[in-house]
file target-v3.json (JSON, C-alpha atoms)
[["chain", "number", "residue", "atom", "x", "y", "z"],
["A", 1, "MET", "CA", -11.40, -32.58, -15.35],
["A", 2, "THR", "CA", -11.73, -31.90, -11.63],
["A", 3, "SER", "CA", -14.73, -30.15, -10.22],
["A", 4, "GLU", "CA", -14.63, -27.19, -7.87],
["A", 5, "ALA", "CA", -15.91, -29.35, -5.03],
["A", 6, "THR", "CA", -12.94, -31.70, -5.28],
["A", 7, "LEU", "CA", -10.54, -28.75, -5.29],
["A", 8, "GLY", "CA", -12.07, -27.46, -2.08],
["A", 9, "LEU", "CA", -13.09, -24.15, -3.58],
["A", 10, "PRO", "CA", -16.19, -22.84, -1.81],
["A", 11, "PHE", "CA", -16.92, -20.28, -4.53],
["A", 12, "GLY", "CA", -16.02, -22.22, -7.66],
["A", 13, "GLY", "CA", -13.73, -21.14, -10.43],
["A", 14, "ASP", "CA", -10.00, -20.89, -10.66],
["A", 15, "PRO", "CA", -8.39, -20.29, -7.24],
["A", 16, "LEU", "CA", -5.87, -17.87, -8.72],
["A", 17, "THR", "CA", -8.39, -15.67, -10.50],
["A", 18, "THR", "CA", -11.40, -15.75, -8.17],
["A", 19, "THR", "CA", -11.62, -12.25, -6.68],
["A", 20, "ASP", "CA", -15.30, -11.85, -5.93],
["A", 21, "ALA", "CA", -15.20, -14.09, -2.88],
["A", 22, "PRO", "CA", -16.01, -12.55, 0.49],
["A", 23, "ARG", "CA", -13.10, -11.78, 2.76],
["A", 24, "HIS", "CA", -14.08, -14.32, 5.41],
["A", 25, "THR", "CA", -16.14, -17.46, 5.06],
["A", 26, "THR", "CA", -17.16, -17.70, 8.71],
["A", 27, "LYS", "CA", -20.75, -17.66, 9.87],
["A", 28, "MET", "CA", -22.45, -14.44, 10.86],
["A", 29, "ALA", "CA", -22.46, -13.58, 14.53],
["A", 30, "ASN", "CA", -25.71, -13.77, 16.51],
["A", 31, "ILE", "CA", -24.78, -11.12, 19.06],
["A", 32, "LYS", "CA", -25.90, -7.65, 18.07],
["A", 33, "SER", "CA", -22.75, -5.88, 19.26],
["A", 34, "GLN", "CA", -20.55, -8.33, 17.37],
["A", 35, "ILE", "CA", -22.57, -7.84, 14.19],
["A", 36, "LYS", "CA", -21.98, -4.09, 14.53],
["A", 37, "ARG", "CA", -18.28, -4.65, 15.26],
["A", 38, "ASN", "CA", -17.94, -6.84, 12.15],
["A", 39, "LYS", "CA", -19.46, -4.08, 10.01],
["A", 40, "GLN", "CA", -17.08, -1.53, 11.53],
["A", 41, "ASN", "CA", -14.13, -3.82, 10.89],
["A", 42, "GLU", "CA", -15.09, -4.28, 7.24],
["A", 43, "LYS", "CA", -15.40, -0.51, 6.74],
["A", 44, "ALA", "CA", -12.03, 0.09, 8.40],
["A", 45, "HIS", "CA", -10.46, -2.70, 6.35],
["A", 46, "SER", "CA", -11.61, -1.22, 3.05],
["A", 47, "ARG", "CA", -10.57, 2.29, 4.13],
["A", 48, "ASN", "CA", -7.13, 1.08, 5.23],
["A", 49, "LYS", "CA", -6.74, -0.92, 2.03],
["A", 50, "ALA", "CA", -7.44, 2.20, -0.02],
["A", 51, "ASP", "CA", -4.90, 4.19, 2.01],
["A", 52, "ARG", "CA", -2.22, 1.53, 1.56],
["A", 53, "SER", "CA", -2.94, 1.36, -2.16],
["A", 54, "GLU", "CA", -2.61, 5.13, -2.47],
["A", 55, "ILE", "CA", 0.71, 5.03, -0.63],
["A", 56, "LYS", "CA", 2.00, 2.33, -2.99],
["A", 57, "THR", "CA", 0.94, 4.39, -6.01],
["A", 58, "LEU", "CA", 2.57, 7.57, -4.71],
["A", 59, "THR", "CA", 5.74, 5.68, -3.83],
["A", 60, "LYS", "CA", 5.96, 4.17, -7.32],
["A", 61, "GLU", "CA", 5.37, 7.59, -8.90],
["A", 62, "ALA", "CA", 8.07, 9.11, -6.70],
["A", 63, "ALA", "CA", 10.52, 6.34, -7.61],
["A", 64, "ALA", "CA", 9.78, 6.85, -11.29],
["A", 65, "ALA", "CA", 10.25, 10.60, -10.96],
["A", 66, "VAL", "CA", 13.73, 10.32, -9.45],
["A", 67, "GLY", "CA", 16.10, 12.06, -11.81],
["A", 68, "THR", "CA", 13.51, 14.55, -13.04],
["A", 69, "ASP", "CA", 12.64, 18.08, -11.96],
["A", 70, "GLU", "CA", 9.51, 16.99, -10.11],
["A", 71, "ALA", "CA", 11.25, 14.33, -8.00],
["A", 72, "GLU", "CA", 11.30, 16.41, -4.79],
["A", 73, "ALA", "CA", 7.61, 17.25, -5.08],
["A", 74, "LYS", "CA", 6.63, 13.62, -5.71],
["A", 75, "VAL", "CA", 8.78, 12.31, -2.84],
["A", 76, "GLY", "CA", 7.39, 15.03, -0.56],
["A", 77, "ALA", "CA", 3.82, 14.07, -1.44],
["A", 78, "ALA", "CA", 4.53, 10.40, -0.79],
["A", 79, "ILE", "CA", 6.18, 11.13, 2.55],
["A", 80, "LYS", "CA", 3.27, 13.35, 3.58],
["A", 81, "ARG", "CA", 0.78, 10.59, 2.77],
["A", 82, "ILE", "CA", 2.85, 8.03, 4.67],
["A", 83, "ASP", "CA", 2.86, 10.33, 7.72],
["A", 84, "MET", "CA", -0.91, 10.76, 7.50],
["A", 85, "ALA", "CA", -1.42, 7.00, 7.31],
["A", 86, "THR", "CA", 0.85, 6.51, 10.30],
["A", 87, "SER", "CA", -1.09, 9.04, 12.36],
["A", 88, "LYS", "CA", -4.31, 7.15, 11.52],
["A", 89, "ARG", "CA", -2.54, 3.87, 12.45],
["A", 90, "VAL", "CA", -2.90, 2.41, 8.99],
["A", 91, "LEU", "CA", 0.86, 1.86, 8.96],
["A", 92, "HIS", "CA", 3.14, 0.99, 11.85],
["A", 93, "LYS", "CA", 5.59, 3.77, 12.69],
["A", 94, "ASN", "CA", 8.62, 1.60, 11.90],
["A", 95, "THR", "CA", 7.15, 0.65, 8.52],
["A", 96, "ALA", "CA", 6.56, 4.32, 7.77],
["A", 97, "ALA", "CA", 10.09, 5.22, 8.83],
["A", 98, "ARG", "CA", 11.54, 2.52, 6.58],
["A", 99, "GLN", "CA", 9.49, 3.63, 3.57],
["A", 100, "LYS", "CA", 10.34, 7.30, 4.09],
["A", 101, "SER", "CA", 14.00, 6.46, 4.51],
["A", 102, "ARG", "CA", 14.07, 4.54, 1.25],
["A", 103, "LEU", "CA", 12.37, 7.41, -0.60],
["A", 104, "ALA", "CA", 14.78, 9.97, 0.84],
["A", 105, "LYS", "CA", 17.75, 7.74, 0.09],
["A", 106, "SER", "CA", 16.74, 7.36, -3.55],
["A", 107, "LEU", "CA", 16.25, 11.12, -3.85],
["A", 108, "ASN", "CA", 19.56, 11.91, -2.14],
["A", 109, "THR", "CA", 21.47, 9.32, -4.15],
["A", 110, "ASP", "CA", 20.12, 10.80, -7.35],
["A", 111, "SER", "CA", 20.92, 14.38, -6.32],
["A", 112, "ALA", "CA", 24.44, 13.30, -5.35],
["A", 113, "ASN", "CA", 24.87, 11.69, -8.77],
["A", 114, "THR", "CA", 23.68, 14.80, -10.58],
["A", 115, "ASP", "CA", 25.95, 17.00, -8.44],
["A", 116, "SER", "CA", 28.97, 14.85, -9.25],
["A", 117, "ASP", "CA", 28.04, 14.90, -12.94],
["A", 118, "ASN", "CA", 27.94, 18.70, -12.85],
["A", 119, "THR", "CA", 31.35, 19.00, -11.17],
["A", 120, "GLU", "CA", 32.97, 16.54, -13.59],
["A", 121, "SER", "CA", 31.76, 18.43, -16.65],
["A", 122, "ALA", "CA", 32.97, 21.80, -15.32]]

call {"tool": "encode", "arguments": {"input": "target-v3.json", "output": "structure tokens"}}
result
Amino acid sequence: MTSEATLGLPFGGDPLTTTDAPRHTTKMANIKSQIKRNKQNEKAHSRNKADRSEIKTLTKEAAAAVGTDEAEAKVGAAIKRIDMATSKRVLHKNTAARQKSRLAKSLNTDSANTDSDNTESA
């Protein structure tokens, strides 16, 4: 059995399941302004990560709701959250445009399918 030291794992354990490791393993800065900047960066990172996670959740919910009555509301909520994240520079504007386009396309494709189903049955 190999030890963690031979695997090169600084925190021990399985490399695929170790999640409690710090984000960076570099040494702490000595300069006061850089220490402050590192703290600010960590706060921004965790805030941005939460925003991106929320966008993913809303997008998945909107995709799952396509074909139901609440599809427009879910897609609208996801698009609104994507726009907010873009204005806070969490997402790049092209990334936001791509995500919104995909959501709108799925909604429009579904509404076109339901419209054609209604005309065929009439």

call {"tool": "residues_around", "arguments": {"input": "target-v3.json", "residues": "region 43-60 of chain A", "least_positions_apart": "5", "cutoff": "7 Å", "atoms": "all atoms listed in the file", "output": "MDAnalysis selection string"}}
result
chainID A and resid 78 81:82 85 90

call {"tool": "write_last_selection", "arguments": {"input": "target-v3.json", "atoms": "C-alpha atoms", "output": "mmCIF file, in the coordinates of the input"}}
result
data_model
loop_
_atom_site.group_PDB
_atom_site.id
_atom_site.type_symbol
_atom_site.label_atom_id
_atom_site.label_comp_id
_atom_site.auth_asym_id
_atom_site.auth_seq_id
_atom_site.Cartn_x
_atom_site.Cartn_y
_atom_site.Cartn_z
ATOM 1 C CA ALA A 78 4.530 10.400 -0.790
ATOM 2 C CA ARG A 81 0.780 10.590 2.770
ATOM 3 C CA ILE A 82 2.850 8.030 4.670
ATOM 4 C CA ALA A 85 -1.420 7.000 7.310
ATOM 5 C CA VAL A 90 -2.900 2.410 8.990
#

call {"tool": "atom_distance", "arguments": {"input": "target-v3.json", "atom1": "CA of Asp69 (chain A)", "atom2": "CA of Leu91 (chain A)"}}
result
29.0 Å

call {"tool": "residues_near_point", "arguments": {"input": "target-v3.json", "point": "(10.4, 7.2, -5.8)", "cutoff": "8 Å", "atoms": "only C-alpha atoms", "output": "compact mmCIF listing (two decimals) with C-alpha atoms, keeping the file's coordinate frame"}}
result
# COMPACT_ATOMS: atom_id res chain seq x y z
CA LEU A 58 2.57 7.57 -4.71
CA THR A 59 5.74 5.68 -3.83
CA LYS A 60 5.96 4.17 -7.32
CA GLU A 61 5.37 7.59 -8.90
CA ALA A 62 8.07 9.11 -6.70
CA ALA A 63 10.52 6.34 -7.61
CA ALA A 64 9.78 6.85 -11.29
CA ALA A 65 10.25 10.60 -10.96
CA VAL A 66 13.73 10.32 -9.45
CA ALA A 71 11.25 14.33 -8.00
CA LYS A 74 6.63 13.62 -5.71
CA VAL A 75 8.78 12.31 -2.84
CA LEU A 103 12.37 7.41 -0.60
CA SER A 106 16.74 7.36 -3.55
CA LEU A 107 16.25 11.12 -3.85

call {"tool": "build_atoms", "arguments": {"input": "target-v3.json", "residues": "region 95-113 of chain A", "atoms": "N, CA and C atoms", "output": "CSV table (one decimal), keeping the file's coordinate frame"}}
result
chain,number,residue,atom,x,y,z
A,95,THR,N,7.4,0.9,10.0
A,95,THR,CA,7.2,0.6,8.5
A,95,THR,C,7.2,2.0,7.8
A,96,ALA,N,6.6,3.0,8.4
A,96,ALA,CA,6.6,4.3,7.8
A,96,ALA,C,8.0,4.9,7.7
A,97,ALA,N,8.7,4.7,8.8
A,97,ALA,CA,10.1,5.2,8.8
A,97,ALA,C,10.9,4.6,7.8
A,98,ARG,N,10.8,3.3,7.6
A,98,ARG,CA,11.5,2.5,6.6
A,98,ARG,C,11.2,3.0,5.2
A,99,GLN,N,9.9,3.2,4.9
A,99,GLN,CA,9.5,3.6,3.6
A,99,GLN,C,10.0,5.0,3.3
A,100,LYS,N,9.9,5.9,4.3
A,100,LYS,CA,10.3,7.3,4.1
A,100,LYS,C,11.9,7.3,3.9
A,101,SER,N,12.6,6.5,4.6
A,101,SER,CA,14.0,6.5,4.5
A,101,SER,C,14.4,6.0,3.1
A,102,ARG,N,13.8,5.0,2.6
A,102,ARG,CA,14.1,4.5,1.2
A,102,ARG,C,13.8,5.6,0.2
A,103,LEU,N,12.7,6.3,0.4
A,103,LEU,CA,12.4,7.4,-0.6
A,103,LEU,C,13.4,8.5,-0.5
A,104,ALA,N,13.8,8.9,0.7
A,104,ALA,CA,14.8,10.0,0.8
A,104,ALA,C,16.1,9.5,0.3
A,105,LYS,N,16.5,8.3,0.6
A,105,LYS,CA,17.8,7.7,0.1
A,105,LYS,C,17.8,7.8,-1.4
A,106,SER,N,16.7,7.4,-2.1
A,106,SER,CA,16.7,7.4,-3.6
A,106,SER,C,16.9,8.8,-4.1
A,107,LEU,N,16.2,9.7,-3.4
A,107,LEU,CA,16.2,11.1,-3.8
A,107,LEU,C,17.6,11.7,-3.6
A,108,ASN,N,18.2,11.4,-2.5
A,108,ASN,CA,19.6,11.9,-2.1
A,108,ASN,C,20.6,11.3,-3.0
A,109,THR,N,20.5,10.0,-3.3
A,109,THR,CA,21.5,9.3,-4.2
A,109,THR,C,21.4,9.9,-5.5
A,110,ASP,N,20.2,10.2,-6.0
A,110,ASP,CA,20.1,10.8,-7.4
A,110,ASP,C,20.7,12.2,-7.4
A,111,SER,N,20.4,13.0,-6.3
A,111,SER,CA,20.9,14.4,-6.3
A,111,SER,C,22.4,14.4,-6.2
A,112,ALA,N,23.0,13.4,-5.4
A,112,ALA,CA,24.4,13.3,-5.4
A,112,ALA,C,25.1,12.9,-6.7
A,113,ASN,N,24.4,12.1,-7.4
A,113,ASN,CA,24.9,11.7,-8.8
A,113,ASN,C,24.8,12.9,-9.7
